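Asker: Pasting work-v3.cif below, which is mmCIF, C-alpha atoms.
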```cif
data_model
#
loop_
_atom_site.label_atom_id
_atom_site.label_comp_id
_atom_site.auth_asym_id
_atom_site.auth_seq_id
_atom_site.Cartn_x
_atom_site.Cartn_y
_atom_site.Cartn_z
CA MET W 1 0.00 0.00 0.00
CA ALA W 2 1.50 3.34 -1.07
CA THR W 3 2.25 5.86 1.67
CA SER W 4 -0.37 8.38 0.48
CA ASP W 5 -3.00 5.65 0.18
CA LYS W 6 -2.13 4.36 3.64
CA GLU W 7 -2.39 7.85 5.15
CA ASN W 8 -5.79 8.42 3.52
CA ALA W 9 -7.01 5.00 4.63
CA ALA W 10 -5.80 5.66 8.19
CA GLN W 11 -7.66 8.99 8.33
CA ILE W 12 -10.91 7.41 7.17
CA LEU W 13 -10.49 4.26 9.27
CA ALA W 14 -9.86 6.33 12.41
CA LYS W 15 -13.38 7.77 12.11
CA THR W 16 -15.12 4.40 11.82
CA SER W 17 -16.75 2.39 14.59
CA LEU W 18 -14.43 -0.48 13.72
CA ALA W 19 -11.41 1.55 14.86
CA GLN W 20 -12.98 3.10 17.95
CA GLY W 21 -10.40 3.24 20.74
CA MET W 22 -7.40 2.79 18.44
CA ASN W 23 -4.42 5.10 18.69
CA GLU W 24 -2.10 6.00 15.81
CA LYS W 25 0.14 3.01 16.51
CA ASP W 26 -2.85 0.65 16.47
CA LEU W 27 -3.99 2.02 13.12
CA GLU W 28 -0.51 1.62 11.66
CA GLU W 29 -0.36 -1.96 12.95
CA LEU W 30 -3.74 -2.76 11.44
CA LEU W 31 -2.95 -1.29 8.02
CA ALA W 32 0.45 -3.01 7.97
CA SER W 33 -1.15 -6.42 8.48
CA SER W 34 -1.08 -8.89 5.60
CA GLU W 35 -4.79 -9.44 6.35
CA VAL W 36 -5.65 -5.89 5.23
CA ALA W 37 -5.60 -4.81 1.58
CA LEU W 38 -6.50 -1.66 -0.35
CA ARG W 39 -8.22 -2.43 -3.66
CA SER W 40 -9.64 -0.30 -6.46
CA TYR W 41 -12.56 -1.35 -8.65
CA PRO W 42 -13.75 0.26 -11.91
CA LYS W 43 -17.33 1.45 -12.30
CA GLY W 44 -19.69 -1.45 -12.96
CA THR W 45 -17.57 -4.09 -11.23
CA ILE W 46 -19.34 -6.70 -9.12
CA ILE W 47 -17.45 -6.66 -5.81
CA PHE W 48 -18.95 -10.00 -4.84
CA HIS W 49 -21.74 -12.16 -6.24
CA ASP W 50 -24.85 -13.67 -4.67
CA GLY W 51 -23.79 -17.11 -3.43
CA ASP W 52 -20.09 -16.29 -3.07
CA MET W 53 -18.40 -17.29 0.17
CA PRO W 54 -17.07 -14.24 2.04
CA HIS W 55 -13.37 -13.64 2.53
CA SER W 56 -13.32 -10.06 3.84
CA LEU W 57 -15.32 -7.29 5.36
CA TYR W 58 -15.26 -4.08 3.31
CA ILE W 59 -14.76 -0.45 4.27
CA LEU W 60 -15.51 2.19 1.65
CA LEU W 61 -12.76 4.74 1.13
CA GLU W 62 -13.94 6.42 -2.09
CA GLY W 63 -16.90 6.15 -4.44
CA GLU W 64 -20.28 4.45 -4.16
CA VAL W 65 -21.56 0.88 -4.28
CA HIS W 66 -25.08 -0.53 -4.34
CA ILE W 67 -26.26 -3.67 -2.56
CA LEU W 68 -28.64 -5.53 -4.87
CA LYS W 69 -30.66 -8.73 -5.18
CA ASP W 70 -32.10 -10.38 -8.29
CA THR W 71 -35.41 -12.24 -8.15
CA TYR W 72 -36.02 -15.55 -9.93
CA SER W 73 -37.99 -13.66 -12.58
CA GLY W 74 -35.00 -11.43 -13.29
CA ARG W 75 -36.15 -8.27 -11.47
CA GLN W 76 -33.42 -6.36 -9.67
CA ILE W 77 -34.17 -5.28 -6.09
CA PHE W 78 -32.29 -2.33 -4.64
CA ILE W 79 -31.39 -3.00 -1.00
CA SER W 80 -29.01 -0.25 0.03
CA GLU W 81 -26.44 2.30 -1.08
CA ILE W 82 -23.00 2.68 0.45
CA ASN W 83 -21.56 6.10 -0.34
CA HIS W 84 -19.97 7.57 2.80
CA PRO W 85 -16.23 7.05 3.35
CA GLY W 86 -15.87 4.73 6.32
CA ASP W 87 -19.14 2.84 5.69
CA MET W 88 -18.72 -0.90 6.19
CA PHE W 89 -20.51 -3.81 4.54
CA GLY W 90 -20.28 -7.60 4.34
CA GLU W 91 -19.11 -8.01 7.93
CA VAL W 92 -22.00 -10.20 9.13
CA TYR W 93 -21.48 -12.75 6.36
CA GLU W 94 -17.73 -12.76 6.93
CA VAL W 95 -18.00 -13.44 10.64
CA LEU W 96 -20.72 -16.08 10.25
CA ARG W 97 -18.96 -17.67 7.26
CA ARG W 98 -22.21 -17.82 5.34
CA PRO W 99 -22.55 -17.23 1.58
CA TYR W 100 -23.84 -13.85 0.47
CA ASP W 101 -27.55 -13.69 -0.33
CA MET W 102 -27.12 -10.45 -2.32
CA TYR W 103 -24.44 -8.85 -4.48
CA VAL W 104 -22.60 -5.54 -4.55
CA ARG W 105 -21.88 -3.43 -7.63
CA ALA W 106 -19.59 -0.40 -7.94
CA VAL W 107 -21.70 2.43 -9.38
CA THR W 108 -18.60 4.65 -9.58
CA LYS W 109 -14.92 3.88 -9.43
CA VAL W 110 -14.35 2.80 -5.83
CA LYS W 111 -11.53 2.19 -3.38
CA LEU W 112 -12.15 -0.33 -0.63
CA LEU W 113 -10.24 -1.46 2.41
CA GLU W 114 -10.68 -5.23 2.65
CA VAL W 115 -10.09 -6.84 6.05
CA SER W 116 -9.82 -10.63 6.20
CA SER W 117 -11.59 -12.53 8.96
CA HIS W 118 -8.25 -14.12 9.90
CA LEU W 119 -7.49 -10.81 11.61
CA PHE W 120 -10.50 -10.65 13.92
CA THR W 121 -12.02 -14.09 14.42
CA LEU W 122 -11.51 -15.69 17.80
CA ASP W 123 -9.04 -18.26 16.47
CA VAL W 124 -6.40 -15.69 15.53
CA GLY W 125 -3.84 -17.40 17.79
CA ASP W 126 -2.59 -17.41 21.34
CA LYS W 127 -1.40 -13.81 21.32
CA PRO W 128 -3.44 -11.69 18.90
CA ARG W 129 -2.21 -8.18 18.21
CA ARG W 130 -3.77 -5.31 20.16
CA SER W 131 -5.37 -3.92 16.99
CA ALA W 132 -7.03 -7.30 16.31
CA LEU W 133 -8.44 -7.42 19.85
CA ILE W 134 -9.86 -3.91 19.43
CA VAL W 135 -11.46 -4.94 16.13
CA GLN W 136 -13.03 -7.97 17.84
CA ARG W 137 -14.47 -5.79 20.60
CA ASN W 138 -15.78 -3.17 18.20
CA LEU W 139 -17.40 -5.77 15.97
CA MET W 140 -19.43 -6.94 18.96
CA LYS W 141 -20.67 -3.37 19.44
CA ILE W 142 -21.40 -3.03 15.72
CA PHE W 143 -23.44 -6.24 15.68
CA ALA W 144 -25.35 -5.10 18.78
CA GLY W 145 -26.14 -1.83 17.00
CA LYS W 146 -27.31 -3.69 13.90
CA ALA W 147 -29.55 -5.91 16.02
CA TYR W 148 -31.10 -2.82 17.61
CA GLY W 149 -31.52 -1.25 14.18
CA MET W 150 -33.29 -4.38 12.94
CA HIS W 151 -35.57 -4.26 15.98
CA MET W 152 -36.52 -0.67 15.14
CA LYS W 153 -37.03 -1.55 11.48
CA LEU W 154 -39.41 -4.37 12.40
CA LYS W 155 -41.44 -1.92 14.51
CA ILE W 156 -41.68 0.43 11.52
CA LEU W 157 -42.59 -2.33 9.05
CA ALA W 158 -45.31 -3.53 11.42
CA SER W 159 -47.12 -0.21 10.93
CA GLY W 160 -50.54 -0.47 9.31
CA THR W 161 -50.21 2.12 6.55
CA LEU W 162 -47.44 3.56 4.40
CA ARG W 163 -47.98 6.97 6.01
CA GLU W 164 -47.41 5.47 9.46
CA LYS W 165 -44.23 3.83 8.18
CA ILE W 166 -42.96 7.14 6.80
CA VAL W 167 -43.73 9.06 10.00
CA ARG W 168 -42.15 6.39 12.23
CA TYR W 169 -39.09 6.34 9.99
CA LEU W 170 -38.70 10.13 10.10
CA PHE W 171 -39.69 10.81 13.72
CA PRO W 172 -36.37 9.82 15.43
CA HIS W 173 -34.53 12.24 13.13
CA VAL W 174 -36.77 15.30 13.60
CA ASP W 175 -35.02 18.10 15.49
CA GLU W 176 -36.61 20.57 17.92
CA HIS W 177 -37.50 22.86 15.00
CA GLY W 178 -39.30 20.12 13.08
CA HIS W 179 -36.57 19.69 10.49
CA VAL W 180 -35.12 16.48 9.06
CA THR W 181 -32.17 16.33 6.68
CA LEU W 182 -32.09 12.92 5.03
CA SER W 183 -28.66 11.34 4.61
CA VAL W 184 -29.98 8.72 2.16
CA SER W 185 -31.93 8.75 -1.09
CA ARG W 186 -35.65 8.10 -1.49
CA GLU W 187 -34.70 4.92 -3.29
CA PHE W 188 -32.97 3.75 -0.12
CA ILE W 189 -35.94 4.74 2.06
CA ALA W 190 -38.36 2.91 -0.26
CA ALA W 191 -36.24 -0.23 -0.03
CA TYR W 192 -36.03 0.13 3.77
CA LEU W 193 -39.82 0.47 4.04
CA ALA W 194 -40.37 -2.39 1.55
CA VAL W 195 -42.43 -0.25 -0.84
CA SER W 196 -41.91 0.95 -4.39
CA ARG W 197 -40.25 4.30 -5.03
CA PRO W 198 -43.35 5.71 -6.83
CA SER W 199 -45.59 4.69 -3.91
CA LEU W 200 -43.30 6.47 -1.46
CA SER W 201 -43.19 9.61 -3.59
CA ARG W 202 -46.99 9.67 -3.98
CA GLU W 203 -47.53 9.41 -0.22
CA ILE W 204 -44.97 12.13 0.53
CA SER W 205 -46.66 14.36 -2.06
CA ALA W 206 -50.04 13.68 -0.42
CA MET W 207 -48.61 14.65 2.98
CA GLN W 208 -47.37 17.90 1.44
CA ARG W 209 -50.77 18.70 -0.10
CA GLU W 210 -52.40 18.12 3.29
CA GLY W 211 -50.00 20.57 4.92
CA ILE W 212 -48.31 18.00 7.15
CA ILE W 213 -44.79 18.39 5.76
CA GLU W 214 -42.80 20.44 3.29
CA THR W 215 -39.92 18.95 1.33
CA THR W 216 -37.00 20.54 -0.50
CA GLY W 217 -34.56 17.98 -1.90
CA ARG W 218 -33.44 15.89 1.07
CA SER W 219 -34.69 18.46 3.58
CA ILE W 220 -38.08 17.92 5.23
CA ARG W 221 -39.90 20.31 7.54
CA VAL W 222 -42.87 19.23 9.65
CA LEU W 223 -45.57 21.90 9.33
CA ASP W 224 -48.25 20.32 11.53
CA MET W 225 -46.54 18.45 14.36
CA ASP W 226 -49.77 17.36 16.05
CA LEU W 227 -51.08 15.76 12.86
CA PHE W 228 -47.65 14.32 12.08
CA GLU W 229 -47.41 12.68 15.50
CA SER W 230 -50.95 11.31 15.23
CA TYR W 231 -49.55 8.67 12.88
CA LEU W 232 -47.10 7.32 15.45
#
```
Translate the structure of the given file into structure tokens.

Answerer:
Amino acid sequence: MATSDKENAAQILAKTSLAQGMNEKDLEELLASSEVALRSYPKGTIIFHDGDMPHSLYILLEGEVHILKDTYSGRQIFISEINHPGDMFGEVYEVLRRPYDMYVRAVTKVKLLEVSSHLFTLDVGDKPRRSALIVQRNLMKIFAGKAYGMHMKLKILASGTLREKIVRYLFPHVDEHGHVTLSVSREFIAAYLAVSRPSLSREISAMQREGIIETTGRSIRVLDMDLFESYL
């Protein structure tokens, strides 16, 4: 790994939950490991295929990838987008050693930090490096967070109507002034709520016409908080 690439990777990695509690020496030790590699992929590349066995967890350094699934009839389902430096994906499959049930495509040129499970699984040896122990600990916290996130998602999906789903999705992010700035696209939200993108857009438009919310790009302002909260 070139010095400039290593420095950039270290700066991004330091901000991730995977590296929480690491000092500069720990980061250097981690990036110097033979179990960590920096790889670049051209636009359109499939990072891994549905059914592949995992060999690494991935940390995005540059670019954007989409997590996708194809149905038996050939329809492509959008699951998620990964576009923030430091975002991680594939870690659950890598730890559990289960084949992927989705695939990932680079929608731009991307740089990824790939970390092999040999670094952080519990059979790393009698005296694992400090950085490996920190990664193990942080992965436990990450998985706990994902479990909580799944619990919250199930509560949202159990809502009776699409409007209730939208309000319950937005409510935790509304500030004291009634504003929400979305960090993800509507395509992502539609996939999260298990609805089509047009259905989501129609319901948001209906909420605007009724004076409940106002939207500008990814910014949403709640105009009638009492009515908005009535859907919780």

Asker: So that I can check the surroundings of W:Asn8, please list as an MDAnalysis selection string every protein, DNA and RNA residue that reaches within 12 Å of it, counting only C-alpha atoms and ignoring chain neighbours fewer than 5 positions away.

Answerer: chainID W and resid 1:3 13:15 27:28 31 38 60:62 85:86 111:113

Asker: Return as a list in words the set of residues that the PyMOL selection byres ((chain W and resi 232) around 9) yields on the displayed structure.

Answerer: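 On the file shown, the PyMOL selection byres ((chain W and resi 232) around 9) covers Ser159, Glu164, Lys165, Val167, Arg168, Phe171, Phe228, Glu229, Ser230 and Tyr231 of chain W.
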
Asker: Between atom CA of W:Glu91 and atom CA of W:Val36, what is the distance, to one decimal in Å?

Answerer: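 Atom CA of W:Val36 lies 13.9 Å from atom CA of W:Glu91.
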
Asker: Where does the PyMOL selection byres ((chain W and resi 115-120) around 7) land in this file, that is, which residues does it pick, as a list of chain:residue names?

Answerer: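 Output from the PyMOL selection byres ((chain W and resi 115-120) around 7), applied to this file: W:Glu35, W:Val36, W:Ala37, W:His55, W:Ser56, W:Leu57, W:Tyr58, W:Glu94, W:Val95, W:Leu113, W:Glu114, W:Thr121, W:Leu122, W:Val124, W:Ala132, W:Val135, W:Gln136.
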
Asker: Evaluate the PyMOL selection byres ((chain W and resi 183) around 12) here and jot the selected residues down as a list in words.

Answerer: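 Selected by the PyMOL selection byres ((chain W and resi 183) around 12) here: Glu81, Ile82, Asn83, His84, Leu170, His173, Val180, Thr181, Leu182, Val184, Ser185, Arg186, Glu187, Phe188, Ile189, Gly217, Arg218, Ser219 and Ile220 of chain W.
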
Asker: Could I get the residues of stretch 142-172 of chain W with an atom no further than 10 Å from an atom of stretch 193-212 of chain W, each paired with its nearest atom pair and that distance in Å to one decimal, using all atoms listed in the file, sorted by chain and residue number, as CSV?

Answerer:
```
residue,atom,partner,partner_atom,distance
W:Lys153,CA,W:Leu193,CA,8.2
W:Leu154,CA,W:Leu193,CA,9.7
W:Ile156,CA,W:Leu193,CA,7.7
W:Leu157,CA,W:Leu193,CA,6.4
W:Leu162,CA,W:Glu203,CA,7.5
W:Arg163,CA,W:Glu203,CA,6.7
W:Lys165,CA,W:Leu193,CA,6.9
W:Ile166,CA,W:Leu193,CA,7.9
W:Tyr169,CA,W:Leu193,CA,8.4
```

Asker: For a quick check of understanding, using all atoms listed in the file, which of W:Ala158, W:Arg75, W:Ala32, W:Ala106 has the smallest distance to W:Ala9?

Answerer: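 Counting all atoms listed in the file, the residue closest to W:Ala9 is W:Ala32.
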
Asker: Once you add 8 Å to each side, what are the centre and edge lengths of the axis-aligned box holding all listed atoms of stretch 172-189 of chain W? One decimal in Å, as lines of an AutoDock Vina configuration file, if you can.

Answerer:
```
center_x = -34.0
center_y = 13.3
center_z = 7.3
size_x = 26.6
size_y = 35.1
size_z = 37.2
```

Asker: Once N, CA and C atoms are restored for stretch 98-111 of chain W, what would the output be as a PDB file, keeping the file's coordinate frame?

Answerer:
```
ATOM      1  N   ARG W  98     -21.070 -17.405   6.132  1.00  0.00           N
ATOM      2  CA  ARG W  98     -22.210 -17.820   5.340  1.00  0.00           C
ATOM      3  C   ARG W  98     -22.150 -17.150   3.971  1.00  0.00           C
ATOM      4  N   PRO W  99     -22.600 -17.830   2.924  1.00  0.00           N
ATOM      5  CA  PRO W  99     -22.550 -17.230   1.580  1.00  0.00           C
ATOM      6  C   PRO W  99     -23.438 -15.985   1.502  1.00  0.00           C
ATOM      7  N   TYR W 100     -23.039 -15.051   0.654  1.00  0.00           N
ATOM      8  CA  TYR W 100     -23.840 -13.850   0.470  1.00  0.00           C
ATOM      9  C   TYR W 100     -25.189 -14.208  -0.158  1.00  0.00           C
ATOM     10  N   ASP W 101     -26.249 -13.522   0.290  1.00  0.00           N
ATOM     11  CA  ASP W 101     -27.550 -13.690  -0.330  1.00  0.00           C
ATOM     12  C   ASP W 101     -27.944 -12.426  -1.094  1.00  0.00           C
ATOM     13  N   MET W 102     -26.953 -11.653  -1.498  1.00  0.00           N
ATOM     14  CA  MET W 102     -27.120 -10.450  -2.320  1.00  0.00           C
ATOM     15  C   MET W 102     -25.791 -10.208  -3.007  1.00  0.00           C
ATOM     16  N   TYR W 103     -25.714  -9.182  -3.847  1.00  0.00           N
ATOM     17  CA  TYR W 103     -24.440  -8.850  -4.480  1.00  0.00           C
ATOM     18  C   TYR W 103     -24.215  -7.350  -4.429  1.00  0.00           C
ATOM     19  N   VAL W 104     -22.975  -6.955  -4.651  1.00  0.00           N
ATOM     20  CA  VAL W 104     -22.600  -5.540  -4.550  1.00  0.00           C
ATOM     21  C   VAL W 104     -21.937  -5.096  -5.845  1.00  0.00           C
ATOM     22  N   ARG W 105     -22.419  -3.977  -6.387  1.00  0.00           N
ATOM     23  CA  ARG W 105     -21.880  -3.430  -7.630  1.00  0.00           C
ATOM     24  C   ARG W 105     -21.323  -2.032  -7.392  1.00  0.00           C
ATOM     25  N   ALA W 106     -20.173  -1.743  -7.983  1.00  0.00           N
ATOM     26  CA  ALA W 106     -19.590  -0.400  -7.940  1.00  0.00           C
ATOM     27  C   ALA W 106     -20.334   0.474  -8.940  1.00  0.00           C
ATOM     28  N   VAL W 107     -20.990   1.527  -8.473  1.00  0.00           N
ATOM     29  CA  VAL W 107     -21.700   2.430  -9.380  1.00  0.00           C
ATOM     30  C   VAL W 107     -20.818   3.599  -9.799  1.00  0.00           C
ATOM     31  N   THR W 108     -19.667   3.731  -9.160  1.00  0.00           N
ATOM     32  CA  THR W 108     -18.600   4.650  -9.580  1.00  0.00           C
ATOM     33  C   THR W 108     -17.292   3.871  -9.411  1.00  0.00           C
ATOM     34  N   LYS W 109     -16.208   4.463  -9.782  1.00  0.00           N
ATOM     35  CA  LYS W 109     -14.920   3.880  -9.430  1.00  0.00           C
ATOM     36  C   LYS W 109     -14.800   3.932  -7.901  1.00  0.00           C
ATOM     37  N   VAL W 110     -14.394   2.837  -7.286  1.00  0.00           N
ATOM     38  CA  VAL W 110     -14.350   2.800  -5.830  1.00  0.00           C
ATOM     39  C   VAL W 110     -12.992   2.304  -5.332  1.00  0.00           C
ATOM     40  N   LYS W 111     -12.662   2.741  -4.126  1.00  0.00           N
ATOM     41  CA  LYS W 111     -11.530   2.190  -3.380  1.00  0.00           C
ATOM     42  C   LYS W 111     -12.078   1.594  -2.089  1.00  0.00           C
TER      43      LYS W 111
END
```
